[in-house]
Amino acid sequence: MTKSIATKLLGVAVLAASAVLTAQPTSATATAGKQQAATPSQPTSVELRLTGEPGSPPRLAVPDLLALSPDRETQDAARVISEVLYADLDFEREFALIPRDTYKSIPVAGSIDAVPFDRWRELGADGVLIGTVQKTPTGVRVEMRLYNVRARQSAYGREYTGSGANPRVYAHTMSDELHDSQRQLRGVAKTKLTFISDRNREAVLATVEKRDVKEVFIADYDGANPRRITINRTMNLTPSWSPDGRSIAYTSYRSGAPDLLISNIFAGTMESPTRGVGQNWLPAFSPDGSRLAFTSSRDGNSEIYVINRDGSNLVRLTNSPAIDSTPTWSPTGTQIAFTSERRGQPQIFVINVDGTGLRQISFESYADRATWSPAPYNEIAFTARTGPGFDIKILGIASGETRQITFGEGSNESPAWAPNGRHLAFMSTRAGRSQIFTVDRDGRNLRQLTKDGNNTTPNWSQ
């Protein structure tokens, strides 16, 4: 069941009087999806932007939230929200965050209004986030204010009420709203990753050969709160989010041969658009969610097909004696990039969705697993062979220039763009087994998200 956080804007930072946000649910079958806002009322004042020194991002402090209730649950929630909010803000690199271990010399604010501005200014802060958490009969109330330290005034404020079961969602919501308000950036703190994992260490049912089960999982963008989505004790591969964040398409061997399934993780329903005809792999949702591109050998060779989500209007897009696979849609939904061996080793090609305009865009020794960046970027990330293993490269569609962002530490494969185009998730063996990592588009800020079992083929929700 979906829980809600009611959001109220405070201080001078008011864009709307109130809104209702859908919190991330906590059950295994209803754990992803985009946060939805109710229609806001008219603004009552103008929001202020925090600024730093010329040419530098604002220096921001994020001390622990104040627990206004003495119980352990509220105190833990205040700590978790503070730590996660700091990490969320740090992830986008839009603020120069002041390390939390330097806050010890600053007196703890007695209330959300009693801020020791002089001491924070001595520490070099342009802004400070002060927040409170209080237990209510139905959950918790969380209040957050961003103060301009030099002006000694509130620049932005929010109040949230809802369940206390998952305090991380308050931090994620705050981070994305702050990035939107203060930096005009779409943050990704509320987004999810889906991936394949064998962490349960179960054997595939009804096989002679012992093979580990591979199931579909989802997790927060930072790897927290992993949850298993499929429980069919078979091979499930290559998950792909629907644009509305409610469903995941994937390849499943549940019936023996590989076929496409779509699981609605909120409703608990399942669809089979290809209906078991032929062997089908590697689904990718169109940007509007109405169609799927996928690979199929139903006509005897591995080709790219497009089908409506309901299974109607099947169209064969490619026709080659070579293997064509791993489709990815352009942000406009008018083109598809894919891997083809039609000219020898696998390379990335682009084709219009009407079957015209086929062209090769990569010229590597081996290129595979293309993923098209969201607008306004016009780039394709892909897996390239760079020696005994693979690395992630990014190709500019207009310029034709390629840049490499991983450099031979383990084998690095299957990149997936974040919805704001600033980050990539990918799988790497640099830690031993295959694990999921994220990295910024410039190759910085590498983070390992998974550790248990083997985890592969990530895909980022919208």
# chains A, B, ... in the order shown; residues from 1 in each chain; ligands from 1
call {"tool": "select_by_dssp", "arguments": {"residues": "stretch 183-421 of chain A", "states": "strand (DSSP E)", "output": "MDAnalysis selection string"}}
result
chainID A and resid 192:197 215:220 227:228 236:241 247:252 259:264 269:271 280:285 291:296 303:308 315:316 324:329 335:340 347:352 359:360 367:372 379:385 390:396 402:404 412:417
call {"tool": "write_last_selection", "arguments": {"atoms": "C-alpha atoms", "output": "compact mmCIF listing (two decimals), in the first residue's frame"}}
result
# COMPACT_ATOMS: atom_id res chain seq x y z
CA LYS A 192 15.54 3.54 -8.32
CA LEU A 193 17.85 1.02 -9.90
CA THR A 194 16.83 -2.40 -11.12
CA PHE A 195 19.39 -5.15 -11.70
CA ILE A 196 19.89 -8.90 -11.75
CA SER A 197 21.33 -10.73 -8.75
CA GLU A 215 16.26 -12.73 -10.04
CA VAL A 216 15.21 -9.14 -10.66
CA PHE A 217 15.95 -6.75 -7.79
CA ILE A 218 15.39 -3.07 -7.23
CA ALA A 219 17.13 -0.67 -4.84
CA ASP A 220 17.39 3.01 -4.07
CA ARG A 227 14.24 -5.76 -2.71
CA ARG A 228 13.62 -8.88 -4.72
CA ASN A 236 15.70 -13.66 -15.27
CA LEU A 237 17.85 -11.19 -17.16
CA THR A 238 18.25 -7.63 -18.49
CA PRO A 239 15.55 -5.62 -16.65
CA SER A 240 14.27 -2.33 -18.07
CA TRP A 241 12.13 0.29 -16.28
CA SER A 247 6.76 -1.66 -14.29
CA ILE A 248 9.88 -3.58 -15.24
CA ALA A 249 10.29 -5.54 -18.49
CA TYR A 250 12.83 -8.36 -18.47
CA THR A 251 13.87 -11.60 -20.11
CA SER A 252 12.71 -14.73 -18.30
CA ASP A 259 10.64 -14.65 -23.37
CA LEU A 260 9.67 -11.11 -22.39
CA LEU A 261 7.69 -10.43 -19.23
CA ILE A 262 6.50 -7.14 -17.74
CA SER A 263 5.95 -7.01 -13.98
CA ASN A 264 3.87 -4.18 -12.54
CA THR A 269 0.43 -8.13 -12.19
CA MET A 270 2.40 -9.64 -15.06
CA GLU A 271 2.13 -9.24 -18.84
CA ASN A 280 12.90 -13.04 -27.16
CA TRP A 281 15.46 -11.06 -25.18
CA LEU A 282 16.65 -7.64 -24.12
CA PRO A 283 13.49 -5.49 -23.86
CA ALA A 284 13.72 -1.69 -23.84
CA PHE A 285 10.75 0.61 -23.25
CA ARG A 291 6.21 0.17 -27.07
CA LEU A 292 9.09 -2.21 -26.52
CA ALA A 293 12.13 -2.74 -28.70
CA PHE A 294 13.66 -6.18 -28.24
CA THR A 295 15.78 -8.91 -29.82
CA SER A 296 14.13 -12.03 -31.24
CA GLU A 303 16.94 -9.29 -35.24
CA ILE A 304 15.51 -6.12 -33.69
CA TYR A 305 11.73 -5.89 -33.36
CA VAL A 306 9.30 -3.31 -32.00
CA ILE A 307 5.97 -4.22 -30.43
CA ASN A 308 3.23 -2.39 -28.58
CA VAL A 315 7.30 -4.80 -36.55
CA ARG A 316 10.62 -6.29 -37.61
CA ASP A 324 21.47 -7.76 -34.18
CA SER A 325 20.76 -7.22 -30.47
CA THR A 326 20.60 -4.90 -27.42
CA PRO A 327 18.33 -2.08 -28.65
CA THR A 328 18.09 1.31 -26.91
CA TRP A 329 15.72 4.18 -27.79
CA GLN A 335 15.56 6.19 -33.49
CA ILE A 336 16.98 3.00 -32.01
CA ALA A 337 20.64 2.18 -31.47
CA PHE A 338 21.66 -1.46 -31.34
CA THR A 339 24.59 -3.87 -31.63
CA SER A 340 25.23 -5.65 -34.93
CA GLN A 347 29.56 -2.43 -33.44
CA ILE A 348 26.87 0.13 -32.57
CA PHE A 349 24.43 1.09 -35.32
CA VAL A 350 21.51 3.54 -35.39
CA ILE A 351 18.28 3.12 -37.35
CA ASN A 352 15.05 5.13 -37.61
CA ARG A 359 24.27 3.82 -40.09
CA GLN A 360 27.25 2.61 -38.09
CA ALA A 367 31.34 -2.43 -29.06
CA ASP A 368 28.13 -3.56 -27.37
CA ARG A 369 25.39 -2.65 -24.86
CA ALA A 370 24.58 0.86 -26.06
CA THR A 371 22.43 3.12 -23.88
CA TRP A 372 21.16 6.48 -25.16
CA GLU A 379 25.35 10.77 -26.37
CA ILE A 380 25.49 6.99 -26.30
CA ALA A 381 27.37 5.10 -23.62
CA PHE A 382 28.52 1.61 -24.53
CA THR A 383 30.79 -1.27 -23.60
CA ALA A 384 34.08 -1.42 -25.54
CA ARG A 385 36.81 -4.03 -25.54
CA PHE A 390 35.91 -4.17 -21.29
CA ASP A 391 35.51 -0.50 -20.43
CA ILE A 392 32.75 2.11 -20.61
CA LYS A 393 32.99 4.75 -23.33
CA ILE A 394 30.70 7.64 -24.29
CA LEU A 395 30.12 8.64 -27.91
CA GLY A 396 28.89 12.09 -28.90
CA THR A 402 34.45 9.16 -28.03
CA ARG A 403 35.74 9.48 -24.49
CA GLN A 404 36.58 6.67 -22.09
CA ASN A 412 33.26 -2.83 -16.98
CA GLU A 413 30.02 -3.40 -18.88
CA SER A 414 26.31 -2.61 -19.37
CA PRO A 415 26.14 1.16 -18.71
CA ALA A 416 22.78 2.79 -17.89
CA TRP A 417 22.15 6.53 -17.72
call {"tool": "residues_around", "arguments": {"residues": "stretch 178-183 of chain A", "least_positions_apart": "2", "cutoff": "10 Å", "atoms": "only C-alpha atoms", "output": "VMD selection string"}}
result
chain A and resid 13 15 47 to 51 57 to 58 88 to 89 92 94 to 95 146 155 to 158 172 to 176 185 to 188
call {"tool": "atom_distance", "arguments": {"atom1": "atom CA of A:Gly453", "atom2": "atom CA of A:Gly223"}}
result
13.8 Å
call {"tool": "atom_distance", "arguments": {"atom1": "atom CA of A:Leu68", "atom2": "atom CA of A:Gly131"}}
result
10.1 Å
